[in-house]
Every structure is written in C-alpha cells, then in structure tokens.
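Peer 1: Got a structure here, written out as structure tokens. Questions coming.
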Amino acid sequence: MQPSRFPPVDQTRRRLLASATAALAAMQLDPISPAIAQPAAAPPRASGFPALKQIEAGVLTIGYVDAGPSDGPVVILLHGWPYDIHSYIDVVPVLAARGYRVIVPHLRGYGTTRFLSDATPRNGQQAALAVDVIALMDALKIEKAVLGGYDWGARTANIVAALWPQRVKAMVSVSGYLIGSQSANRMPLPPKAEQDWWYQYYFATERGRLGYQQNTHDFARLIWQTASPRWAFDDATFARSAASLDNPDHVSITIHNYRWRLGLVEGEARYDDLEQRLAQAPSIAVPTITLEGDANGAPHPDPAAYARKFSGWYQHRTLSGGVGHNPPQEAPAAFAEAIIAVDRA
C-alpha cells in the first residue's frame, strides 16, 4: 500500500464509529416489503469519513474510504455520476457498526484517484471501470465482497458480478440491470426516452465538452435536481461532493464514457474480449436486491424488464416517499438494510 499523497479528510475512524453507534440506535431494521419498500428513519448525519487512504491498483492510484473492522466481511460501495463517495456518508457508519469492513473508492476521474501514467488513455468505457474494481480488490487482498452501487456504480457492480461472480458474495443494484453495449445503444428509443438522454447527445459535441468543462459544478447540480426532484439537498452537501469533480481527468472520463456508449469513440483493445461478453447481456447469478426510488427522475428501466436477468436469489424493492436517483444518500437506512439483507440471503 502506498502512503497518501493527498491531504487527509480531517475526521477519524473513532468519530465515524461513534456516529455509527448513534445511527444504529435510531435505525429501524424491520423487514421491507419486496414490492414497496418504505425507507426507514434516516440515521443521524455522520460528521465525516475517516482519513482517506490511497493505493496503487492497476493503472490507478485510488483514493478510498476504509471503515469498520479490518477483519470484517467486506462491502464495496460504488458511486455514480456526477456524485462521489459522500453518497455513502450515512450508510458507511451503519454497516461498520454491524461489523462490516466498508470500502468506498473514488472512481477514475473523481476525488483523489489518479492515473499512474500520463500516457494511459482517459477511458470511461464500462469494462474499464469494472477492471478497476477487480484491481482494487487484488491490491487490498480482498477475495470476495458484497457490492452495492447506483448509476455508474450499479453498472460497474453488475459487470463485476456477471464476469467475476467468484469475487462477489452478493449485490445491491439501484435501477437493476444496467449492462449495455455499443450495438444495443445504436437502436433508437421512443422520443420521450431520447429527450431524457439530452446530455448524452450534448456530450457528443465539442460544444458539449467545452460546456461541461466550463460549467462542471452547475451541470452537476442540474443533474442532481432533475434526477432527484424531491431531494432537498443543501449547498454544503452539494459542495462537498462537487469538489471531487475537480479531478483533472473528470471531464475526459465523462465525455469518453458517453461518446463510447454511442459508438462515437473507440475503447481500448485490452477490453475487447470483456465487451464482447457484456454485449451478450450475461445473466447475474449472485444473490441480488435491486432498488428503485419512486421519484427517480433519471432515465431508468422498468423493474419488470430486468427481473429475469438475475438467475440466483433475487428481490426487488421500491423505495417510496419521494426517493430519487441517489438512494444511498436519500434513503441511507433503507440502502444499508438492503446490504445487510442480501448478505444474509
């Protein structure tokens, strides 16, 4: 493990576990209906993460949270775009207090995660992000983990579970099955669905790249608001995560991701075999709970469309009460409970 090259977060593991104790006292872990999941009362807001760690893994040096007992069963939580690790700020202490070792990495292009070489392509294709997770697990000597994610993080968790099921004990995936392919993305959608993806087409242009580069924080705030129209996040909450978007590779990774989806740019040849397997829409056999917020304003599939993609133990939960696209931050108690439940499945 490499020592951190970046300023540490100013909170300690002790303060995290203290807040976890309070969170557990306030939390209701009653069984949640598979059909309609009522979010449990939110635990008290955590004061902060412990000091971030940094480790070389694959082509990256990855910044990550490492909370809970070092010998506990491992949970890896993956964030989406344009959010960051703080989506899990209130989930981590609950899981840590239940004995889990919780790893929350900054994805490539976020926070303190950096490429080891200037020559490495700033590639945002789906297989690359999944390989990053396997590289992180290898670097940390983690053989198997429960995965949880939403947005890009859910897609990444899906891919790891599909291609490396021996490394995944179970999974919680917001919006279900999100594995895609360039060939599938060539097929047009109904007009309203195409409209919902407006930013994908914006990013396909040079004007869009410049616009995102010049207005990254304003753009991210707009996405947060439209994707979670009933989430009343405050300026401090947004600013805490928006700082992670100042990563020097963030814009390049974002633009490449969306252009790659549409087949407008190439990926790396090293991932061709993986992408060919993913293009077959492989089923996922590990125990899985899928979640969906009842007020998700971002493009997302209907749960009935993907249920058969999960061939092992499976349950879907709809989070009611105005939960949008970012359930771990909007309904942290319900998300944490899903992680615990799928681990026991």
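Chain labels run A, B, ... following the order of the structure tokens; each chain numbers its residues from 1, and ligands are numbered from 1 in the order shown.
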Would you write out, as CSV, a table of all residues in segment 206-243 of chain A that have an atom no more than 12 Å from an atom of segment 103-122 of chain A, listing for each the closest atom pair and the distance in Å to one decimal, considering only C-alpha atoms and ordering rows by chain and rising residue number?

Peer 2:
```
residue,atom,partner,partner_atom,distance
A:Arg240,CA,A:Gly111,CA,10.7
A:Ser241,CA,A:Gly111,CA,8.8
A:Ala242,CA,A:Gly111,CA,9.3
A:Ala243,CA,A:Gly111,CA,7.3
```

Peer 1: Taking N, CA and C atoms for each residue, export the selection above as an mmCIF file, in the first residue's frame.

Peer 2:
```cif
data_model
loop_
_atom_site.group_PDB
_atom_site.id
_atom_site.type_symbol
_atom_site.label_atom_id
_atom_site.label_comp_id
_atom_site.auth_asym_id
_atom_site.auth_seq_id
_atom_site.Cartn_x
_atom_site.Cartn_y
_atom_site.Cartn_z
ATOM 1 N N ARG A 240 -19.660 19.590 -1.027
ATOM 2 C CA ARG A 240 -18.783 18.523 -0.532
ATOM 3 C C ARG A 240 -18.488 17.504 -1.627
ATOM 4 N N SER A 241 -19.505 17.122 -2.397
ATOM 5 C CA SER A 241 -19.295 16.164 -3.484
ATOM 6 C C SER A 241 -18.755 16.816 -4.745
ATOM 7 N N ALA A 242 -19.179 18.047 -5.016
ATOM 8 C CA ALA A 242 -18.741 18.729 -6.237
ATOM 9 C C ALA A 242 -17.230 18.923 -6.261
ATOM 10 N N ALA A 243 -16.619 19.022 -5.086
ATOM 11 C CA ALA A 243 -15.165 19.173 -5.035
ATOM 12 C C ALA A 243 -14.460 17.996 -5.700
#
```

Peer 1: So that I can check the surroundings of Val92 of chain A, please list as a PDB file with C-alpha atoms, in the first residue's frame every protein, DNA and RNA residue that reaches within 8 Å of it, counting only C-alpha atoms and ignoring chain neighbours fewer than 3 positions away.

Peer 2:
```
ATOM      1  CA  ALA A  67     -14.093   1.892   7.643  1.00  0.00           C
ATOM      2  CA  TYR A  88     -22.491   6.796   1.286  1.00  0.00           C
ATOM      3  CA  ILE A  89     -21.675   9.140   4.176  1.00  0.00           C
ATOM      4  CA  LEU A  95     -22.508  -1.034   8.165  1.00  0.00           C
ATOM      5  CA  ALA A  96     -19.247  -0.511  10.044  1.00  0.00           C
ATOM      6  CA  VAL A 102     -16.625  -0.924   4.174  1.00  0.00           C
TER       7      VAL A 102
END
```

Peer 1: Excluding segment 245-258 of chain A and residues on its chain fewer than 3 positions from it, collect all residues at most 9 Å away from it, counting only C-alpha atoms, and give them as an MDAnalysis selection string.

Peer 2: chainID A and resid 81:84 108:115 122:126 199:201 203:204 208:209 212:213 216:217 220 241:242 261:267

Peer 1: Got a sec: who's within 12 Å of Met137 of chain A, counting only C-alpha atoms, leaving out chain neighbours fewer than 2 positions off, as an MDAnalysis selection string?

Peer 2: chainID A and resid 55:58 62 64 74:76 103:105 130:135 139:147 160 164 167:168

Peer 1: Determine, for each residue of segment 68-171 of chain A having at least one atom at most 10 Å from an atom of segment 175-193 of chain A, the closest pair of atoms and their separation in Å to one decimal, counting only C-alpha atoms; order by chain and ascending number, as a Markdown table.

Peer 2:
```
| residue | atom | partner | partner_atom | distance |
| --- | --- | --- | --- | --- |
| A:Gln125 | CA | A:Ser181 | CA | 9.9 |
| A:Gln126 | CA | A:Ile179 | CA | 8.2 |
| A:Ala127 | CA | A:Ile179 | CA | 9.7 |
| A:Gly149 | CA | A:Ser175 | CA | 9.5 |
| A:Tyr150 | CA | A:Ser175 | CA | 7.2 |
| A:Asp151 | CA | A:Ser175 | CA | 7.7 |
| A:Trp152 | CA | A:Leu178 | CA | 8.7 |
| A:Gly153 | CA | A:Leu178 | CA | 9.8 |
| A:Ala154 | CA | A:Leu178 | CA | 7.1 |
| A:Arg155 | CA | A:Leu178 | CA | 5.0 |
| A:Thr156 | CA | A:Ile179 | CA | 8.1 |
| A:Ala157 | CA | A:Leu178 | CA | 9.4 |
| A:Asn158 | CA | A:Ile179 | CA | 6.6 |
| A:Ile159 | CA | A:Ile179 | CA | 6.6 |
| A:Ala162 | CA | A:Ile179 | CA | 9.2 |
```
